[in-house]
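Notes follow once the structure below has been shown.
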Amino acid sequence: ANVLGIPTEAQVRDARESAVINQELREPEILRGPLTLTLQATKLPTPWIGGHFYTRGYGSIPGPTIRVRPGETLEITLKNDLDEGPGYESCHFNYTQLGFFMNPATICALNHTNLHTHGLHVSPHEDDIFDHVKPGQSKTMRIKVPENHMGGTHWYHPHFHHATAAQAGGGAHGALLVDDPVGALPKYVEEMPEKLMFLSLVNIAKSMRLESW
C-alpha cells in the first residue's frame, strides 16, 4: 500500500486471485439457552498488507446465532475474558471534538462490557444496558420472551457506554432469531430451507488503533 493506505494494483490483483469463488455459505454456530458468550480478543487477517490484528469479539465474527421461542426464558451467561485495560477513571474529556484519533485521552473502558438483545420486546430490567461486566467477571442474564412475541430476525451486541462502538463495531455481534410459532406460516414457507447471511463491517483502521487498549 502507498502512504495513504490505498492498495496497489498488484495487491488488488493478488487479493482477487486468492478470493474463494463459489464457496458454500458458512453460517455461524446455532445456540439455544442456557448458553455462554465469551467476549475475547479475536484474531482477524489484515487485508492488502498481510498479517493480522486483534479485535473484540465472541470468538468468531459474527458470533454464534442465538435462537429462542416465544414464551421461553433466554438464559445467557456473559463472560468477559478481555485484559484489564483502563477504566473510566483514565478518561479525560477535554478537546473531545478532535475525536479519538487525535486525542486518545478520550479512550477508556473499552474492555468493560454488557449485552443487549437488539429488537426483542422484553423488560429493560432483564435486558439492562446499564449492566457492567468488568474484565475477568461473568454475569448471567435471564430474559423472559413474551408468549405473544412475533417471530423475527434480530441481533445482539454490547451496549456498554463508551465501549459500544469499539466492541460492536469491532465484531462483537451476532444474530438473534425468534422462532415462528408452529402453524404461523404457510406450509410451503415453513418447509423452505433457511439460510442466514449476517454481514459484518469491521472498521479495520479503528480496530487496529484501539488494539492496544
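Simple scheme: letters A, B, ... for chains in C-alpha cells order, numbers from 1 for residues in each chain, numbers from 1 for ligands in the order shown.
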
Exercise for the section: Find the residues around Asn148 (chain A) up to 12 Å (only C-alpha atoms counted), leave out those fewer than 6 positions away in its own chain, and share them as a ChimeraX atom specification. Expected result: /A:69-72,120-122,178-181,184

Exercise for the section: Please identify all polymer residues within 6 Å of region 140-143 of chain A, counting only C-alpha atoms, omitting same-chain residues fewer than 6 positions from it, and present them as a list of chain:residue names. Expected result: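 Once the nearby chain positions are removed, what remains is A:Thr73, A:Leu74, A:Glu75, A:Ile76, A:Thr77, A:Glu126.
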
Write out the residues from the selection above, keeping N, CA and C atoms, as a CSV table (one decimal), in the first residue's frame.
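Result file out26.csv:
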```csv
chain,number,residue,atom,x,y,z
A,73,THR,N,-37.6,-18.4,28.5
A,73,THR,CA,-36.7,-17.5,29.2
A,73,THR,C,-35.3,-17.8,28.6
A,74,LEU,N,-34.8,-16.8,28.0
A,74,LEU,CA,-33.4,-16.9,27.4
A,74,LEU,C,-32.4,-16.6,28.4
A,75,GLU,N,-31.6,-17.7,28.7
A,75,GLU,CA,-30.5,-17.6,29.7
A,75,GLU,C,-29.2,-17.5,29.1
A,76,ILE,N,-28.5,-16.4,29.3
A,76,ILE,CA,-27.2,-16.2,28.7
A,76,ILE,C,-26.2,-15.8,29.8
A,77,THR,N,-25.1,-16.5,29.9
A,77,THR,CA,-24.0,-16.2,30.8
A,77,THR,C,-23.0,-15.4,29.9
A,126,GLU,N,-34.4,-6.8,32.6
A,126,GLU,CA,-33.7,-8.1,32.3
A,126,GLU,C,-32.7,-7.9,31.2
```

Practice task
Determine which residues of region 29-76 of chain A DSSP labels as strand (DSSP E or B) from the backbone of this structure, then write them out as a list in words.
Solution key: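 Those residues are Ile30, Leu31, Arg32, Leu35, Thr36, Leu37, Thr38, Leu39, Gln40, Ala41, Thr42, Lys43, Leu44, Pro45, His52, Phe53, Tyr54, Thr55, Arg56, Gly57, Thr65, Ile66, Arg67, Val68, Thr73, Leu74, Glu75 and Ile76 of chain A.
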
Practice task
May I ask which of the residues A:Arg56, A:His116, A:Lys134, A:Lys139 is the closest one to Leu35 (chain A), counting only C-alpha atoms?
Solution key: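 Nearest candidate to Leu35 (chain A) out of A:Arg56, A:His116, A:Lys134, A:Lys139: A:Lys139.
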
Practice task
Counting only C-alpha atoms, figure out which residue out of A:Ser138, A:Gln167, A:Thr36, A:Ser200 gets nearest to Thr55 (chain A).
Solution key: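 Among the listed residues, A:Gln167 lies closest to Thr55 (chain A).
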
Problem - Shell of 12 Å around Leu31 (chain A), only C-alpha atoms, local chain residues under 2 positions omitted, as a ChimeraX atom specification - result: /A:28-29,33-37,63-68,74-76,174-177

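Interatomic distance, CA of Asn203 (chain A) to CA of Ile61 (chain A): 12.8 Å.
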
Practice task
Excluding Ala41 (chain A) and residues on its chain fewer than 3 positions from it, collect all residues at most 12 Å away from it, counting only C-alpha atoms, and give them as a ChimeraX atom specification.
Solution key: /A:38,44,53-61,80-83,110-111,135,167,170-172,207,210-213

What would the file look like if the residues just selected were written as a compact mmCIF listing (two decimals), in the first residue's frame with N, CA, C and O atoms?
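Dumped to result_31.txt:
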```
# COMPACT_ATOMS: atom_id res chain seq x y z
N THR A 38 -18.59 -15.53 25.35
CA THR A 38 -17.33 -15.08 25.93
C THR A 38 -16.75 -13.97 25.07
O THR A 38 -16.38 -14.20 23.91
N LEU A 44 -8.13 -11.48 13.38
CA LEU A 44 -8.60 -11.32 12.00
C LEU A 44 -7.42 -11.03 11.09
O LEU A 44 -6.45 -10.38 11.50
N PHE A 53 -4.57 -8.71 12.93
CA PHE A 53 -4.76 -7.81 14.07
C PHE A 53 -5.80 -8.44 14.98
O PHE A 53 -6.48 -9.40 14.62
N TYR A 54 -5.90 -7.90 16.18
CA TYR A 54 -6.87 -8.41 17.15
C TYR A 54 -7.96 -7.38 17.38
O TYR A 54 -7.69 -6.18 17.50
N THR A 55 -9.18 -7.87 17.43
CA THR A 55 -10.32 -7.03 17.76
C THR A 55 -11.10 -7.70 18.88
O THR A 55 -10.67 -8.72 19.42
N ARG A 56 -12.24 -7.14 19.24
CA ARG A 56 -13.05 -7.70 20.31
C ARG A 56 -14.24 -8.43 19.71
O ARG A 56 -14.97 -7.86 18.91
N GLY A 57 -14.41 -9.69 20.08
CA GLY A 57 -15.50 -10.48 19.51
C GLY A 57 -15.85 -11.64 20.41
O GLY A 57 -15.29 -11.78 21.51
N TYR A 58 -16.76 -12.46 19.95
CA TYR A 58 -17.21 -13.63 20.72
C TYR A 58 -16.58 -14.91 20.17
O TYR A 58 -17.21 -15.95 20.09
N GLY A 59 -15.31 -14.82 19.76
CA GLY A 59 -14.57 -15.98 19.28
C GLY A 59 -14.58 -16.12 17.78
O GLY A 59 -13.70 -16.73 17.20
N SER A 60 -15.60 -15.57 17.13
CA SER A 60 -15.71 -15.54 15.67
C SER A 60 -16.48 -14.29 15.32
O SER A 60 -17.14 -13.68 16.17
N ILE A 61 -16.38 -13.90 14.06
CA ILE A 61 -17.12 -12.72 13.60
C ILE A 61 -17.92 -13.10 12.36
O ILE A 61 -17.34 -13.47 11.35
N ASN A 80 -16.45 -12.09 30.42
CA ASN A 80 -15.55 -11.08 29.88
C ASN A 80 -14.12 -11.55 30.07
O ASN A 80 -13.57 -11.47 31.17
N ASP A 81 -13.51 -12.06 29.00
CA ASP A 81 -12.14 -12.56 29.05
C ASP A 81 -11.12 -11.57 28.53
O ASP A 81 -9.98 -11.95 28.23
N LEU A 82 -11.51 -10.32 28.38
CA LEU A 82 -10.56 -9.31 27.92
C LEU A 82 -9.60 -8.92 29.05
O LEU A 82 -9.90 -9.11 30.23
N ASP A 83 -8.45 -8.38 28.65
CA ASP A 83 -7.49 -7.88 29.64
C ASP A 83 -8.09 -6.70 30.39
O ASP A 83 -9.04 -6.07 29.94
N LEU A 110 -12.68 0.35 27.35
CA LEU A 110 -13.03 -0.42 26.16
C LEU A 110 -13.12 -1.91 26.42
O LEU A 110 -13.64 -2.65 25.58
N ASN A 111 -12.61 -2.38 27.55
CA ASN A 111 -12.68 -3.80 27.86
C ASN A 111 -13.75 -4.11 28.91
O ASN A 111 -13.79 -5.22 29.43
N PRO A 135 -13.62 -6.74 33.15
CA PRO A 135 -12.72 -7.81 32.71
C PRO A 135 -12.51 -8.85 33.81
O PRO A 135 -12.31 -8.51 34.97
N GLN A 167 -16.54 -2.24 20.52
CA GLN A 167 -16.86 -3.66 20.66
C GLN A 167 -17.81 -4.13 19.57
O GLN A 167 -17.50 -5.04 18.79
N GLY A 170 -16.36 -3.54 16.30
CA GLY A 170 -15.16 -4.33 16.08
C GLY A 170 -15.44 -5.79 15.81
O GLY A 170 -14.51 -6.55 15.51
N GLY A 171 -16.70 -6.22 15.93
CA GLY A 171 -17.04 -7.60 15.61
C GLY A 171 -17.80 -8.35 16.68
O GLY A 171 -18.15 -9.51 16.48
N ALA A 172 -18.06 -7.72 17.82
CA ALA A 172 -18.79 -8.40 18.89
C ALA A 172 -20.29 -8.24 18.64
O ALA A 172 -20.94 -7.34 19.15
N SER A 207 -10.14 -0.45 14.58
CA SER A 207 -9.85 -1.62 15.43
C SER A 207 -8.36 -1.74 15.70
O SER A 207 -7.93 -2.03 16.82
N LEU A 210 -7.32 0.80 18.19
CA LEU A 210 -7.78 0.51 19.55
C LEU A 210 -7.23 -0.82 20.09
O LEU A 210 -7.54 -1.20 21.20
N GLU A 211 -6.41 -1.50 19.29
CA GLU A 211 -5.92 -2.83 19.67
C GLU A 211 -5.16 -2.79 20.99
O GLU A 211 -5.26 -3.69 21.81
N SER A 212 -4.40 -1.73 21.21
CA SER A 212 -3.55 -1.67 22.41
C SER A 212 -4.33 -1.33 23.66
O SER A 212 -3.78 -1.37 24.77
N TRP A 213 -5.61 -0.98 23.52
CA TRP A 213 -6.41 -0.66 24.69
C TRP A 213 -7.17 -1.89 25.18
O TRP A 213 -8.01 -1.82 26.02
```

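Here the alpha helix (DSSP H) residues in region 11-179 of chain A, by DSSP on the backbone, are Gln11, Val12, Arg13, Asp14, Ala15, Arg16, Glu17, Ser18, Gly99, Phe100, Phe101, Met102, Thr164, Ala165, Ala166, Gln167 and Ala168 of chain A.
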
Selected residues, N, CA and C atoms, written as a compact mmCIF listing (two decimals), in the first residue's frame, please.
```txt
# COMPACT_ATOMS: atom_id res chain seq x y z
N GLN A 11 -1.51 -5.51 -5.39
CA GLN A 11 -2.18 -6.04 -4.20
C GLN A 11 -3.64 -6.35 -4.49
N VAL A 12 -4.30 -5.50 -5.26
CA VAL A 12 -5.69 -5.76 -5.64
C VAL A 12 -5.77 -7.02 -6.47
N ARG A 13 -4.85 -7.19 -7.42
CA ARG A 13 -4.86 -8.37 -8.28
C ARG A 13 -4.63 -9.65 -7.46
N ASP A 14 -3.67 -9.58 -6.51
CA ASP A 14 -3.38 -10.75 -5.68
C ASP A 14 -4.58 -11.11 -4.82
N ALA A 15 -5.26 -10.10 -4.28
CA ALA A 15 -6.42 -10.35 -3.44
C ALA A 15 -7.55 -10.97 -4.25
N ARG A 16 -7.73 -10.47 -5.48
CA ARG A 16 -8.79 -11.01 -6.34
C ARG A 16 -8.51 -12.47 -6.71
N GLU A 17 -7.25 -12.75 -7.01
CA GLU A 17 -6.89 -14.11 -7.40
C GLU A 17 -6.98 -15.10 -6.25
N SER A 18 -6.78 -14.61 -5.02
CA SER A 18 -6.81 -15.50 -3.86
C SER A 18 -8.20 -15.66 -3.27
N GLY A 99 -11.86 14.04 18.38
CA GLY A 99 -12.00 12.62 18.10
C GLY A 99 -10.84 11.83 18.68
N PHE A 100 -11.03 10.50 18.79
CA PHE A 100 -10.02 9.72 19.50
C PHE A 100 -8.75 9.52 18.68
N PHE A 101 -8.80 9.69 17.35
CA PHE A 101 -7.56 9.55 16.58
C PHE A 101 -6.57 10.65 16.95
N MET A 102 -7.09 11.86 17.18
CA MET A 102 -6.24 12.99 17.52
C MET A 102 -6.09 13.17 19.02
N THR A 164 -19.29 0.80 23.22
CA THR A 164 -20.18 0.15 22.26
C THR A 164 -19.59 0.14 20.85
N ALA A 165 -19.09 1.28 20.38
CA ALA A 165 -18.58 1.35 19.01
C ALA A 165 -17.37 0.45 18.82
N ALA A 166 -16.47 0.46 19.81
CA ALA A 166 -15.25 -0.35 19.68
C ALA A 166 -15.58 -1.84 19.71
N GLN A 167 -16.54 -2.24 20.52
CA GLN A 167 -16.86 -3.66 20.66
C GLN A 167 -17.81 -4.13 19.57
N ALA A 168 -19.00 -3.52 19.49
CA ALA A 168 -19.97 -3.95 18.47
C ALA A 168 -19.43 -3.68 17.06
```
